[in-house]
>>> print(open('work34.txt').read())   # compact mmCIF, C-alpha atoms
# COMPACT_ATOMS: atom_id res chain seq x y z
CA MET F 1 -7.83 0.99 21.66
CA THR F 2 -6.24 4.03 23.26
CA ASN F 3 -3.25 3.99 25.58
CA SER F 4 -5.49 4.62 28.58
CA ALA F 5 -7.21 1.27 27.99
CA LYS F 6 -4.02 -0.78 27.71
CA THR F 7 -2.54 -2.83 30.51
CA GLY F 8 0.81 -1.89 32.01
CA PRO F 9 4.11 -3.08 30.54
CA SER F 10 5.35 -6.57 31.26
CA LEU F 11 8.61 -7.26 33.11
CA ARG F 12 10.18 -8.19 29.79
CA GLU F 13 9.14 -4.84 28.28
CA ILE F 14 10.47 -2.98 31.33
CA SER F 15 13.80 -4.81 31.04
CA ARG F 16 13.99 -4.08 27.33
CA GLU F 17 13.33 -0.39 27.92
CA ALA F 18 16.07 -0.30 30.56
CA VAL F 19 18.59 -1.73 28.10
CA ARG F 20 17.44 0.69 25.38
CA GLY F 21 17.87 3.53 27.85
CA ARG F 22 21.40 2.41 28.70
CA ILE F 23 22.37 2.16 25.02
CA THR F 24 20.91 5.61 24.37
CA GLU F 25 22.82 7.14 27.27
CA VAL F 26 26.13 5.66 26.12
CA ALA F 27 25.53 6.56 22.47
CA LEU F 28 24.59 10.18 23.15
CA ASP F 29 27.77 10.66 25.18
CA LEU F 30 29.83 9.24 22.32
CA PHE F 31 28.01 11.34 19.72
CA ALA F 32 28.53 14.51 21.79
CA GLU F 33 32.23 13.80 22.25
CA HIS F 34 33.21 12.54 18.81
CA GLY F 35 30.41 13.55 16.43
CA PHE F 36 27.60 11.39 15.14
CA GLU F 37 29.26 10.43 11.86
CA GLN F 38 32.50 9.38 13.55
CA VAL F 39 30.89 6.92 15.99
CA THR F 40 30.16 3.36 14.82
CA VAL F 41 27.61 0.86 16.03
CA GLU F 42 30.52 -1.33 17.14
CA GLN F 43 31.85 1.45 19.35
CA ILE F 44 28.45 2.06 20.92
CA ALA F 45 27.95 -1.65 21.54
CA ALA F 46 31.39 -2.04 23.12
CA ALA F 47 30.84 0.93 25.41
CA ALA F 48 27.46 -0.53 26.45
CA GLY F 49 28.99 -3.94 27.12
CA MET F 50 27.37 -5.87 24.30
CA SER F 51 27.98 -7.07 20.76
CA ALA F 52 26.93 -5.18 17.66
CA ARG F 53 24.46 -7.97 16.99
CA SER F 54 22.86 -7.38 20.38
CA PHE F 55 22.72 -3.66 19.66
CA HIS F 56 20.63 -4.34 16.57
CA ARG F 57 18.08 -6.22 18.65
CA TYR F 58 17.22 -2.89 20.25
CA PHE F 59 17.89 -0.40 17.45
CA PRO F 60 17.89 -1.09 13.69
CA ALA F 61 20.52 1.64 13.12
CA LYS F 62 22.42 4.20 15.13
CA GLU F 63 20.07 6.95 13.86
CA ASP F 64 17.29 5.24 15.78
CA VAL F 65 19.15 5.78 19.06
CA VAL F 66 18.61 9.52 18.61
CA ILE F 67 15.18 9.50 16.96
CA GLY F 68 13.68 6.78 19.15
CA ASP F 69 10.58 4.92 18.00
CA PRO F 70 8.63 7.41 15.85
CA ALA F 71 5.60 5.14 15.45
CA ARG F 72 5.27 4.53 19.17
CA TRP F 73 5.35 8.20 20.15
CA GLY F 74 3.24 9.20 17.17
CA GLU F 75 0.61 6.70 18.30
CA TYR F 76 0.73 8.20 21.79
CA VAL F 77 0.07 11.70 20.43
CA ARG F 78 -2.64 10.32 18.12
CA ASP F 79 -4.41 8.46 20.91
CA THR F 80 -4.21 11.48 23.21
CA LEU F 81 -5.63 13.66 20.44
CA ALA F 82 -8.46 11.21 19.79
CA ASP F 83 -9.39 11.34 23.49
CA ARG F 84 -9.67 15.15 23.56
CA PRO F 85 -13.20 16.65 23.72
CA ALA F 86 -14.80 16.71 20.28
CA ASP F 87 -15.93 20.31 20.73
CA GLU F 88 -12.48 21.59 21.73
CA PRO F 89 -10.73 23.82 19.15
CA VAL F 90 -8.44 21.56 17.15
CA TRP F 91 -5.40 23.75 17.76
CA ASP F 92 -5.94 23.49 21.51
CA SER F 93 -6.33 19.71 21.18
CA LEU F 94 -3.04 19.40 19.30
CA HIS F 95 -1.32 21.62 21.86
CA ALA F 96 -2.58 19.47 24.73
CA SER F 97 -1.54 16.27 22.94
CA PHE F 98 2.03 17.40 22.38
CA GLU F 99 2.22 18.70 25.93
CA ALA F 100 1.16 15.27 27.18
CA LEU F 101 4.04 13.74 25.25
CA LEU F 102 6.53 16.13 26.88
CA ALA F 103 5.11 15.30 30.30
CA LEU F 104 6.39 11.73 29.95
CA SER F 105 9.95 12.91 30.74
CA PRO F 106 9.65 15.68 33.33
CA ASP F 107 12.72 15.20 35.53
CA ARG F 108 15.97 17.12 35.13
CA GLU F 109 18.17 14.18 34.13
CA ASP F 110 15.85 13.20 31.31
CA SER F 111 15.63 16.87 30.30
CA GLU F 112 19.40 17.15 29.94
CA ARG F 113 19.49 13.95 27.92
CA GLY F 114 16.66 15.28 25.80
CA LYS F 115 18.54 18.50 25.12
CA LEU F 116 21.63 16.54 24.12
CA ALA F 117 19.56 14.34 21.82
CA MET F 118 18.06 17.40 20.13
CA ARG F 119 21.50 18.93 19.60
CA VAL F 120 22.80 15.69 18.09
CA LEU F 121 19.66 15.47 15.94
CA GLY F 122 20.44 18.78 14.30
CA SER F 123 24.11 18.00 13.78
CA THR F 124 23.96 15.84 10.66
CA ALA F 125 21.93 15.52 7.47
CA SER F 126 21.03 11.85 7.95
CA LEU F 127 19.40 12.58 11.31
CA ARG F 128 17.55 15.61 10.00
CA ALA F 129 16.21 13.48 7.16
CA ARG F 130 15.08 10.79 9.61
CA ASN F 131 13.36 13.46 11.69
CA LEU F 132 11.48 14.63 8.59
CA GLU F 133 10.32 11.05 8.03
CA LYS F 134 9.03 11.06 11.61
CA HIS F 135 7.07 14.25 10.95
CA LEU F 136 5.50 12.76 7.85
CA LEU F 137 4.52 9.62 9.77
CA TRP F 138 2.98 11.64 12.59
CA ALA F 139 1.12 13.84 10.10
CA GLN F 140 -0.45 10.72 8.56
CA MET F 141 -1.67 9.69 12.02
CA LEU F 142 -2.96 13.08 13.17
CA THR F 143 -4.45 14.61 10.03
CA PRO F 144 -7.48 12.29 9.73
CA ILE F 145 -8.51 13.09 13.31
CA ILE F 146 -8.27 16.83 12.71
CA ALA F 147 -10.10 16.52 9.38
CA GLY F 148 -12.93 14.74 11.14
CA ARG F 149 -13.43 17.72 13.43
CA LEU F 150 -13.45 20.45 10.80
CA ASP F 151 -16.45 21.84 8.96
CA GLY F 152 -16.70 23.68 5.67
CA ASP F 153 -14.71 23.45 2.45
CA ASP F 154 -11.23 22.05 1.82
CA VAL F 155 -11.26 20.03 5.05
CA ALA F 156 -8.39 17.73 4.02
CA LEU F 157 -6.19 20.64 2.96
CA ARG F 158 -6.91 22.66 6.08
CA ALA F 159 -6.32 19.67 8.33
CA GLU F 160 -2.94 18.98 6.72
CA ILE F 161 -1.88 22.62 7.11
CA ILE F 162 -2.94 22.74 10.77
CA VAL F 163 -1.14 19.49 11.62
CA GLN F 164 2.04 20.53 9.80
CA ALA F 165 1.96 23.88 11.61
CA ALA F 166 1.61 22.06 14.94
CA LEU F 167 4.53 19.77 14.12
CA ALA F 168 6.64 22.79 13.18
CA ALA F 169 5.73 24.55 16.44
CA PHE F 170 6.65 21.42 18.39
CA ASP F 171 9.96 21.06 16.57
CA VAL F 172 10.95 24.73 16.95
CA ALA F 173 10.07 24.63 20.65
CA LEU F 174 12.31 21.61 21.27
CA THR F 175 15.15 22.91 19.13
CA THR F 176 15.12 26.24 20.98
CA TRP F 177 14.90 24.48 24.34
CA SER F 178 18.03 22.44 23.55
CA THR F 179 20.25 25.50 23.05
CA PRO F 180 22.63 26.66 25.82
CA GLN F 181 20.58 29.81 26.41
CA ASP F 182 17.87 29.36 29.03
CA TYR F 183 14.51 30.02 27.39
CA GLY F 184 12.58 28.08 30.02
CA THR F 185 11.28 24.53 30.04
CA ALA F 186 10.25 22.59 26.95
CA VAL F 187 6.61 22.97 28.02
CA ASP F 188 7.05 26.75 28.41
CA LEU F 189 8.43 26.98 24.89
CA LEU F 190 5.68 24.73 23.54
CA HIS F 191 3.09 27.13 25.03
CA ARG F 192 4.81 30.10 23.42
CA ALA F 193 5.17 28.37 20.07
CA PHE F 194 1.51 27.38 19.92
CA ALA F 195 0.41 30.79 21.19
CA THR F 196 2.05 32.35 18.14
CA LEU F 197 -0.59 30.62 15.99
CA THR F 198 -3.47 30.60 18.46
CA PRO F 199 -5.99 32.03 15.94
CA VAL F 200 -5.76 28.75 13.99
CA ARG F 201 -8.99 26.81 14.57
>>> encode(input="work34.txt", output="structure tokens")
Amino acid sequence: MTNSAKTGPSLREISREAVRGRITEVALDLFAEHGFEQVTVEQIAAAAGMSARSFHRYFPAKEDVVIGDPARWGEYVRDTLADRPADEPVWDSLHASFEALLALSPDREDSERGKLAMRVLGSTASLRARNLEKHLLWAQMLTPIIAGRLDGDDVALRAEIIVQAALAAFDVALTTWSTPQDYGTAVDLLHRAFATLTPVR
């Protein structure tokens, strides 16, 4: 079942997301001020007005505050990709699917938080490793869909290469967007990143 066929979130889910958002906001401020490695779960929990035990009900580890829920967002991209027209070039379908993900947080406040999260993400090895795990998980979700739309020889290999290239374009776009220099919006940079490899089909 795709996201478009699901019912809306329950009040409990909305409340849970609000608390997760508050924890994320507090944690990112602490990470930006003191450095990711120097901030403990206990400090985040105290600043958010809860116990460390309560913190772990929302995030398994402090890395997850920055990375988010990789499976959830990967499933969103996967479902969006699966809903794209079957005769659309696969590169265009991937582009549209990642753009749909970015469209979930369009306002300025979320954008500034997103930039901060990206800067924190690149600041330490443990977060970069967790981000790589996210890419691998997303690749496992997206590659079979792309493979199913390719013809010719070496379909599995070509699908893996295309998906990994798309993930790299997405990552470079967001990393560039998070820098102090104004390169435009995240969507603008995503367009430019994917345009670099437009001949991929």
>>> closest_residue(input="work34.txt", among="F:Arg113, F:Lys134, F:His191, F:Arg84", to="Leu167 (chain F)", atoms="all atoms listed in the file")
F:Lys134
>>> residues_around(input="work34.txt", residues="Leu104 (chain F)", least_positions_apart="3", cutoff="12 Å", atoms="only C-alpha atoms", output="list in words")
Trp73, Tyr76, Val77, Ser97, Phe98, Glu99, Ala100, Leu101, Asp107, Asp110, Ser111, Gly114, Ala186 and Val187 of chain F
>>> closest_residue(input="work34.txt", among="F:Ser93, F:Thr175, F:Gln38, F:Gln43", to="Leu189 (chain F)", atoms="all atoms listed in the file")
F:Thr175
>>> closest_residue(input="work34.txt", among="F:Arg130, F:Ala52, F:Ala82, F:Pro180", to="Pro144 (chain F)", atoms="only C-alpha atoms")
F:Ala82
>>> atom_distance(input="work34.txt", atom1="CA of Val90 (chain F)", atom2="CA of Ile146 (chain F)")
6.5 Å
>>> closest_residue(input="work34.txt", among="F:Ile145, F:Val172, F:Ile14, F:Ala47", to="Glu160 (chain F)", atoms="all atoms listed in the file")
F:Ile145
>>> atom_distance(input="work34.txt", atom1="CA of Thr24 (chain F)", atom2="CA of Ala61 (chain F)")
11.9 Å
>>> atom_distance(input="work34.txt", atom1="CA of Thr40 (chain F)", atom2="CA of Lys62 (chain F)")
7.8 Å
>>> closest_residue(input="work34.txt", among="F:Leu11, F:Leu132, F:Ala195, F:Leu150", to="Gln164 (chain F)", atoms="only C-alpha atoms")
F:Leu132
>>> build_atoms(input="work34.txt", residues="region 31-51 of chain F", atoms="N, CA and C atoms", output="PDB file, in the coordinates of the input")
ATOM      1  N   PHE F  31      28.327  10.417  20.796  1.00  0.00           N
ATOM      2  CA  PHE F  31      28.010  11.340  19.720  1.00  0.00           C
ATOM      3  C   PHE F  31      28.435  12.765  20.096  1.00  0.00           C
ATOM      4  N   ALA F  32      28.187  13.159  21.342  1.00  0.00           N
ATOM      5  CA  ALA F  32      28.530  14.510  21.790  1.00  0.00           C
ATOM      6  C   ALA F  32      30.037  14.712  21.806  1.00  0.00           C
ATOM      7  N   GLU F  33      30.774  13.673  22.138  1.00  0.00           N
ATOM      8  CA  GLU F  33      32.230  13.800  22.250  1.00  0.00           C
ATOM      9  C   GLU F  33      32.938  13.708  20.911  1.00  0.00           C
ATOM     10  N   HIS F  34      32.467  12.808  20.051  1.00  0.00           N
ATOM     11  CA  HIS F  34      33.210  12.540  18.810  1.00  0.00           C
ATOM     12  C   HIS F  34      32.478  12.964  17.543  1.00  0.00           C
ATOM     13  N   GLY F  35      31.193  13.247  17.626  1.00  0.00           N
ATOM     14  CA  GLY F  35      30.410  13.550  16.430  1.00  0.00           C
ATOM     15  C   GLY F  35      29.662  12.316  15.964  1.00  0.00           C
ATOM     16  N   PHE F  36      28.446  12.517  15.512  1.00  0.00           N
ATOM     17  CA  PHE F  36      27.600  11.390  15.140  1.00  0.00           C
ATOM     18  C   PHE F  36      28.225  10.539  14.042  1.00  0.00           C
ATOM     19  N   GLU F  37      28.734  11.168  13.007  1.00  0.00           N
ATOM     20  CA  GLU F  37      29.260  10.430  11.860  1.00  0.00           C
ATOM     21  C   GLU F  37      30.495   9.615  12.203  1.00  0.00           C
ATOM     22  N   GLN F  38      31.241  10.038  13.211  1.00  0.00           N
ATOM     23  CA  GLN F  38      32.500   9.380  13.550  1.00  0.00           C
ATOM     24  C   GLN F  38      32.315   8.162  14.460  1.00  0.00           C
ATOM     25  N   VAL F  39      31.139   8.011  15.049  1.00  0.00           N
ATOM     26  CA  VAL F  39      30.890   6.920  15.990  1.00  0.00           C
ATOM     27  C   VAL F  39      30.230   5.752  15.263  1.00  0.00           C
ATOM     28  N   THR F  40      30.727   4.551  15.464  1.00  0.00           N
ATOM     29  CA  THR F  40      30.160   3.360  14.820  1.00  0.00           C
ATOM     30  C   THR F  40      29.265   2.586  15.784  1.00  0.00           C
ATOM     31  N   VAL F  41      28.443   1.734  15.212  1.00  0.00           N
ATOM     32  CA  VAL F  41      27.610   0.860  16.030  1.00  0.00           C
ATOM     33  C   VAL F  41      28.486  -0.017  16.918  1.00  0.00           C
ATOM     34  N   GLU F  42      29.609  -0.480  16.371  1.00  0.00           N
ATOM     35  CA  GLU F  42      30.520  -1.330  17.140  1.00  0.00           C
ATOM     36  C   GLU F  42      31.057  -0.599  18.365  1.00  0.00           C
ATOM     37  N   GLN F  43      31.352   0.678  18.214  1.00  0.00           N
ATOM     38  CA  GLN F  43      31.850   1.450  19.350  1.00  0.00           C
ATOM     39  C   GLN F  43      30.774   1.641  20.420  1.00  0.00           C
ATOM     40  N   ILE F  44      29.563   1.907  19.971  1.00  0.00           N
ATOM     41  CA  ILE F  44      28.450   2.060  20.920  1.00  0.00           C
ATOM     42  C   ILE F  44      28.235   0.753  21.670  1.00  0.00           C
ATOM     43  N   ALA F  45      28.188  -0.344  20.932  1.00  0.00           N
ATOM     44  CA  ALA F  45      27.950  -1.650  21.540  1.00  0.00           C
ATOM     45  C   ALA F  45      29.028  -1.983  22.560  1.00  0.00           C
ATOM     46  N   ALA F  46      30.280  -1.746  22.197  1.00  0.00           N
ATOM     47  CA  ALA F  46      31.390  -2.040  23.120  1.00  0.00           C
ATOM     48  C   ALA F  46      31.287  -1.215  24.385  1.00  0.00           C
ATOM     49  N   ALA F  47      30.964   0.064  24.246  1.00  0.00           N
ATOM     50  CA  ALA F  47      30.840   0.930  25.410  1.00  0.00           C
ATOM     51  C   ALA F  47      29.674   0.529  26.297  1.00  0.00           C
ATOM     52  N   ALA F  48      28.632  -0.077  25.693  1.00  0.00           N
ATOM     53  CA  ALA F  48      27.460  -0.530  26.450  1.00  0.00           C
ATOM     54  C   ALA F  48      27.611  -1.952  26.965  1.00  0.00           C
ATOM     55  N   GLY F  49      28.740  -2.594  26.632  1.00  0.00           N
ATOM     56  CA  GLY F  49      28.990  -3.940  27.120  1.00  0.00           C
ATOM     57  C   GLY F  49      28.226  -5.019  26.404  1.00  0.00           C
ATOM     58  N   MET F  50      28.085  -4.864  25.092  1.00  0.00           N
ATOM     59  CA  MET F  50      27.370  -5.870  24.300  1.00  0.00           C
ATOM     60  C   MET F  50      27.991  -5.972  22.923  1.00  0.00           C
ATOM     61  N   SER F  51      27.513  -6.923  22.135  1.00  0.00           N
ATOM     62  CA  SER F  51      27.980  -7.070  20.760  1.00  0.00           C
ATOM     63  C   SER F  51      27.155  -6.174  19.838  1.00  0.00           C
TER      64      SER F  51
END
